[in-house]
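Engineer: Okay, handing you the structure first.
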Amino acid sequence: LLDPIEEELVKAGEASSVSPTVVKLDKFRIMSDTDVPPEEFLMRFFGKPCFPRRDLSTITGTEKCGKTFFTSMLMACCAEKSVLELERIRDEPLKVMWYDTEQSRQSTKSILTVRIFKMATKGALDNRFFVFNVRACTCEERMDYLVAGIEAYKPDMVIIDNVSDLLPSINDAEGSIKLIDRLMQIATTYDCNITIVIHLNRSGEKRNLRGWLGTEILHKAFDVYYCEQIEKSDVFSVEQSFTRKYRIPELLYYTIDE
């Protein structure tokens, strides 16, 4: 039996019964001999591959729970071979783009120079780190500048802190779907991992991500990491709460010194 496209080839010269849309759809078909690039991961966490190229990863938690510190570890690991239980898979350092929508310019620079550069050998980090503070921009400008930056600098990893600031409302269902679809297209087109940071619902109940946007992220993200400060202590933890492939049962516990 022939499929519709093959039938049309057999009937060459006859009027086509296959719509142009089906012809376009056929370009996305997956068959047993389809050439698909293998999955490529940027990091290992407790020895397990994570943070894949051409996909979305998510970091979440309540306020002041260590989310930005964990992203700092990730960025430092793009330059350094390992940071605690995080390890860069590739020997060559990675290019990373940090897109900060939340903090002041002073805070962004302080985190880069006082925190990240202390966790990694500085060297030529500025040539591999592309850090932008876009808190003063509108939602539309933030999205436009994000795409332009990724296209220009071609980072291996993009960290958006906080992804909610790319939308006027996190409870806009249609806008949330369009945003996450757009980010997935960007990750695929530019061969990078996009790691998005989002808060939990204020109650923290069942670790639900905030708003319709959070719901859509849970549907599409490859892996999710939950950050928490242990109650009445200076200890922070990081736990992989969801993955589509490599489950990491271990939790990372750490404290912060000078």
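Every chain in the structure tokens has a letter given in the order shown (A, B, ...), and although residue numbers restart at 1 in each chain, ligands are simply numbered from 1 in the order shown.
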Residues at most 7 Å from A:Asp165, counting only C-alpha atoms, excluding those fewer than 2 positions away in the same chain, as a ChimeraX atom specification?
Structural biologist: /A:101,139,162-163,167
Engineer: Please, could you write that set of residues out with C-alpha atoms as a PDB file, in the first residue's frame?
Structural biologist:
```
ATOM      1  CA  THR A 101      14.057  40.604  33.912  1.00  0.00           C
ATOM      2  CA  CYS A 139       7.089  42.644  27.557  1.00  0.00           C
ATOM      3  CA  ASN A 162      11.935  35.311  35.196  1.00  0.00           C
ATOM      4  CA  VAL A 163       9.928  33.951  32.250  1.00  0.00           C
ATOM      5  CA  LEU A 167       3.924  38.146  29.303  1.00  0.00           C
TER       6      LEU A 167
END
```
Engineer: Skipping near chain neighbours, those fewer than 6 positions away, what residues fall within 9 Å of A:Gln229 using only C-alpha atoms, listed as a ChimeraX atom specification?
Structural biologist: /A:64-66,235-237
Engineer: What residues in stretch 54-232 of chain A get the DSSP label strand (DSSP E or B)? Please answer as a ChimeraX atom specification.
Structural biologist: /A:55-61,82-83,86-88,96-100,129-133,157-161,193-200,209,223-229
Engineer: Quick one: residues within 7 Å of A:Gly211, only C-alpha atoms counted, chain neighbours fewer than 2 positions away excluded, as a PyMOL selection string?
Structural biologist: chain A and resi 170-171+209+213-215
Engineer: Quick one: everything within 10 Å of A:Thr189, counting only C-alpha atoms, minus sequence neighbours fewer than 5 positions away in the same chain. Send it as a list of chain:residue names.
Structural biologist: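 Counting only the stated atoms, we get A:Arg54, A:Glu151, A:Leu183, A:Met184.
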Engineer: Output N, CA, C and O atoms for every residue in the selection just made, as a compact mmCIF listing (two decimals), in the first residue's frame.
Structural biologist:
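Okay, this is what ended up in result.txt:
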```txt
# COMPACT_ATOMS: atom_id res chain seq x y z
N ARG A 54 18.06 22.11 22.33
CA ARG A 54 16.82 22.09 21.55
C ARG A 54 15.60 21.76 22.41
O ARG A 54 14.62 21.18 21.94
N GLU A 151 20.05 35.03 18.42
CA GLU A 151 20.48 34.95 17.02
C GLU A 151 21.88 35.51 16.84
O GLU A 151 22.69 34.96 16.10
N LEU A 183 9.29 29.74 22.54
CA LEU A 183 10.58 29.40 23.15
C LEU A 183 11.08 28.03 22.68
O LEU A 183 12.28 27.85 22.46
N MET A 184 10.18 27.08 22.50
CA MET A 184 10.58 25.76 22.00
C MET A 184 11.10 25.87 20.57
O MET A 184 12.09 25.22 20.20
```
Engineer: Residues of stretch 115-199 of chain A that approach stretch 56-61 of chain A to 9 Å or less, counting only C-alpha atoms: could you list each one with the shortest pair of atoms and its distance in Å to one decimal, rows by chain and increasing residue number, as a Markdown table?
Structural biologist:
```
| residue | atom | partner | partner_atom | distance |
| --- | --- | --- | --- | --- |
| A:Ile180 | CA | A:Leu56 | CA | 8.9 |
| A:Leu183 | CA | A:Leu56 | CA | 7.8 |
| A:Met184 | CA | A:Leu56 | CA | 6.6 |
| A:Ala187 | CA | A:Leu56 | CA | 7.4 |
| A:Asn193 | CA | A:Leu56 | CA | 6.1 |
| A:Ile194 | CA | A:Leu56 | CA | 5.0 |
| A:Thr195 | CA | A:Ser57 | CA | 4.5 |
| A:Ile196 | CA | A:Thr58 | CA | 4.9 |
| A:Val197 | CA | A:Ile59 | CA | 4.8 |
| A:Ile198 | CA | A:Thr60 | CA | 5.2 |
| A:His199 | CA | A:Thr60 | CA | 5.4 |
```
Engineer: If we count only C-alpha atoms and set the cut-off at 10 Å, which residues sit around A:Leu179, ignoring sequence neighbours fewer than 2 positions away in its own chain? Please answer as a list in words.
Structural biologist: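 Counting only C-alpha atoms, the residues come to Met143, Val163, Ser164, Leu166, Leu167, Ala173, Glu174, Gly175, Ser176, Ile177, Asp181, Arg182, Leu183, Met184, Gln185, Leu213, Glu216 and Ile217 of chain A.
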Engineer: How would the residues just picked look written out with all heavy atoms as a CSV table (one decimal), in the first residue's frame?
Structural biologist:
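The result, written out as result_38.csv:
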```csv
chain,number,residue,atom,x,y,z
A,143,MET,N,10.8,40.3,24.6
A,143,MET,CA,10.8,39.1,23.7
A,143,MET,C,11.6,39.4,22.4
A,143,MET,O,12.3,38.5,22.0
A,143,MET,CB,9.3,38.8,23.3
A,143,MET,CG,9.1,37.4,22.7
A,143,MET,SD,9.5,36.1,23.9
A,143,MET,CE,10.3,34.9,22.8
A,163,VAL,N,10.7,34.1,33.5
A,163,VAL,CA,9.9,34.0,32.3
A,163,VAL,C,8.6,34.6,32.3
A,163,VAL,O,8.0,35.0,31.3
A,163,VAL,CB,9.8,32.5,31.9
A,163,VAL,CG1,8.8,31.7,32.8
A,163,VAL,CG2,9.3,32.3,30.4
A,164,SER,N,8.0,34.8,33.5
A,164,SER,CA,6.7,35.5,33.7
A,164,SER,C,6.7,36.9,33.1
A,164,SER,O,5.7,37.4,32.7
A,164,SER,CB,6.3,35.5,35.1
A,164,SER,OG,6.2,34.2,35.7
A,166,LEU,N,7.9,37.9,30.4
A,166,LEU,CA,7.7,38.0,29.0
A,166,LEU,C,6.3,38.1,28.6
A,166,LEU,O,6.0,38.2,27.4
A,166,LEU,CB,8.4,36.8,28.3
A,166,LEU,CG,9.9,36.6,28.6
A,166,LEU,CD1,10.4,35.4,27.8
A,166,LEU,CD2,10.7,37.8,28.2
A,167,LEU,N,5.4,38.1,29.6
A,167,LEU,CA,3.9,38.1,29.3
A,167,LEU,C,3.3,39.2,30.2
A,167,LEU,O,3.7,39.4,31.3
A,167,LEU,CB,3.2,36.8,29.6
A,167,LEU,CG,3.2,35.7,28.6
A,167,LEU,CD1,2.5,34.5,29.2
A,167,LEU,CD2,2.6,36.1,27.3
A,173,ALA,N,-4.2,32.3,29.1
A,173,ALA,CA,-4.0,30.9,28.6
A,173,ALA,C,-3.4,30.9,27.2
A,173,ALA,O,-2.4,30.2,26.9
A,173,ALA,CB,-5.3,30.2,28.6
A,174,GLU,N,-4.0,31.7,26.3
A,174,GLU,CA,-3.6,31.7,24.9
A,174,GLU,C,-2.2,32.3,24.8
A,174,GLU,O,-1.3,31.7,24.1
A,174,GLU,CB,-4.5,32.5,24.0
A,174,GLU,CG,-4.2,32.6,22.6
A,174,GLU,CD,-5.2,33.3,21.7
A,174,GLU,OE1,-6.2,33.8,22.3
A,174,GLU,OE2,-4.9,33.5,20.5
A,175,GLY,N,-1.9,33.4,25.5
A,175,GLY,CA,-0.6,34.0,25.5
A,175,GLY,C,0.5,33.0,26.0
A,175,GLY,O,1.6,33.0,25.5
A,176,SER,N,0.1,32.3,27.1
A,176,SER,CA,1.1,31.3,27.7
A,176,SER,C,1.5,30.2,26.7
A,176,SER,O,2.6,29.9,26.5
A,176,SER,CB,0.5,30.7,28.9
A,176,SER,OG,0.2,31.7,29.9
A,177,ILE,N,0.5,29.7,26.0
A,177,ILE,CA,0.7,28.6,25.0
A,177,ILE,C,1.6,29.2,23.9
A,177,ILE,O,2.6,28.5,23.5
A,177,ILE,CB,-0.6,28.1,24.4
A,177,ILE,CG1,-1.4,27.4,25.5
A,177,ILE,CG2,-0.4,27.2,23.2
A,177,ILE,CD1,-2.8,27.0,25.1
A,181,ASP,N,5.4,27.8,23.1
A,181,ASP,CA,5.7,27.3,21.8
A,181,ASP,C,6.8,28.1,21.1
A,181,ASP,O,7.7,27.5,20.4
A,181,ASP,CB,4.4,27.4,20.9
A,181,ASP,CG,3.4,26.3,21.3
A,181,ASP,OD1,3.8,25.3,22.0
A,181,ASP,OD2,2.3,26.3,20.8
A,182,ARG,N,6.8,29.4,21.3
A,182,ARG,CA,7.8,30.2,20.7
A,182,ARG,C,9.2,29.9,21.2
A,182,ARG,O,10.2,29.8,20.5
A,182,ARG,CB,7.5,31.7,20.9
A,182,ARG,CG,8.5,32.7,20.3
A,182,ARG,CD,7.9,33.3,19.0
A,182,ARG,NE,8.9,34.1,18.3
A,182,ARG,CZ,9.0,35.5,18.5
A,182,ARG,NH1,8.2,36.1,19.4
A,182,ARG,NH2,9.9,36.1,17.8
A,183,LEU,N,9.3,29.7,22.5
A,183,LEU,CA,10.6,29.4,23.2
A,183,LEU,C,11.1,28.0,22.7
A,183,LEU,O,12.3,27.8,22.5
A,183,LEU,CB,10.5,29.4,24.7
A,183,LEU,CG,10.2,30.8,25.3
A,183,LEU,CD1,10.1,30.7,26.8
A,183,LEU,CD2,11.4,31.8,25.0
A,184,MET,N,10.2,27.1,22.5
A,184,MET,CA,10.6,25.8,22.0
A,184,MET,C,11.1,25.9,20.6
A,184,MET,O,12.1,25.2,20.2
A,184,MET,CB,9.4,24.8,22.1
A,184,MET,CG,9.0,24.4,23.5
A,184,MET,SD,7.6,23.2,23.6
A,184,MET,CE,8.4,21.8,22.8
A,185,GLN,N,10.4,26.7,19.8
A,185,GLN,CA,10.9,26.9,18.4
A,185,GLN,C,12.3,27.5,18.4
A,185,GLN,O,13.2,27.1,17.6
A,185,GLN,CB,9.9,27.8,17.6
A,185,GLN,CG,8.6,27.1,17.3
A,185,GLN,CD,7.5,28.0,16.8
A,185,GLN,OE1,7.8,29.2,16.7
A,185,GLN,NE2,6.3,27.5,16.6
A,213,LEU,N,0.6,30.1,32.7
A,213,LEU,CA,2.0,29.9,32.2
A,213,LEU,C,2.7,28.7,32.8
A,213,LEU,O,3.3,27.9,32.1
A,213,LEU,CB,2.8,31.2,32.4
A,213,LEU,CG,4.2,31.2,31.9
A,213,LEU,CD1,4.3,30.9,30.4
A,213,LEU,CD2,4.9,32.5,32.2
A,216,GLU,N,1.4,25.5,31.4
A,216,GLU,CA,1.9,25.2,30.1
A,216,GLU,C,3.3,24.7,30.1
A,216,GLU,O,3.8,23.8,29.4
A,216,GLU,CB,1.7,26.4,29.2
A,216,GLU,CG,2.0,26.2,27.7
A,216,GLU,CD,1.1,25.1,27.1
A,216,GLU,OE1,0.0,24.9,27.6
A,216,GLU,OE2,1.5,24.6,26.1
A,217,ILE,N,4.1,25.3,31.0
A,217,ILE,CA,5.5,24.9,31.2
A,217,ILE,C,5.6,23.5,31.6
A,217,ILE,O,6.4,22.7,31.1
A,217,ILE,CB,6.2,25.8,32.2
A,217,ILE,CG1,6.4,27.2,31.6
A,217,ILE,CG2,7.6,25.3,32.6
A,217,ILE,CD1,6.9,28.3,32.6
```
Engineer: Would you mind telling me which residue in A:Thr108, A:Asn127, A:Thr113, A:Ser32 lies nearest to A:Lys95 when using only C-alpha atoms?
Structural biologist: A:Asn127
Engineer: When DSSP is applied to the backbone of this structure, which of stretch 64-208 of chain A are assigned alpha helix (DSSP H)? Write them out as a count of residues only.
Structural biologist: 54
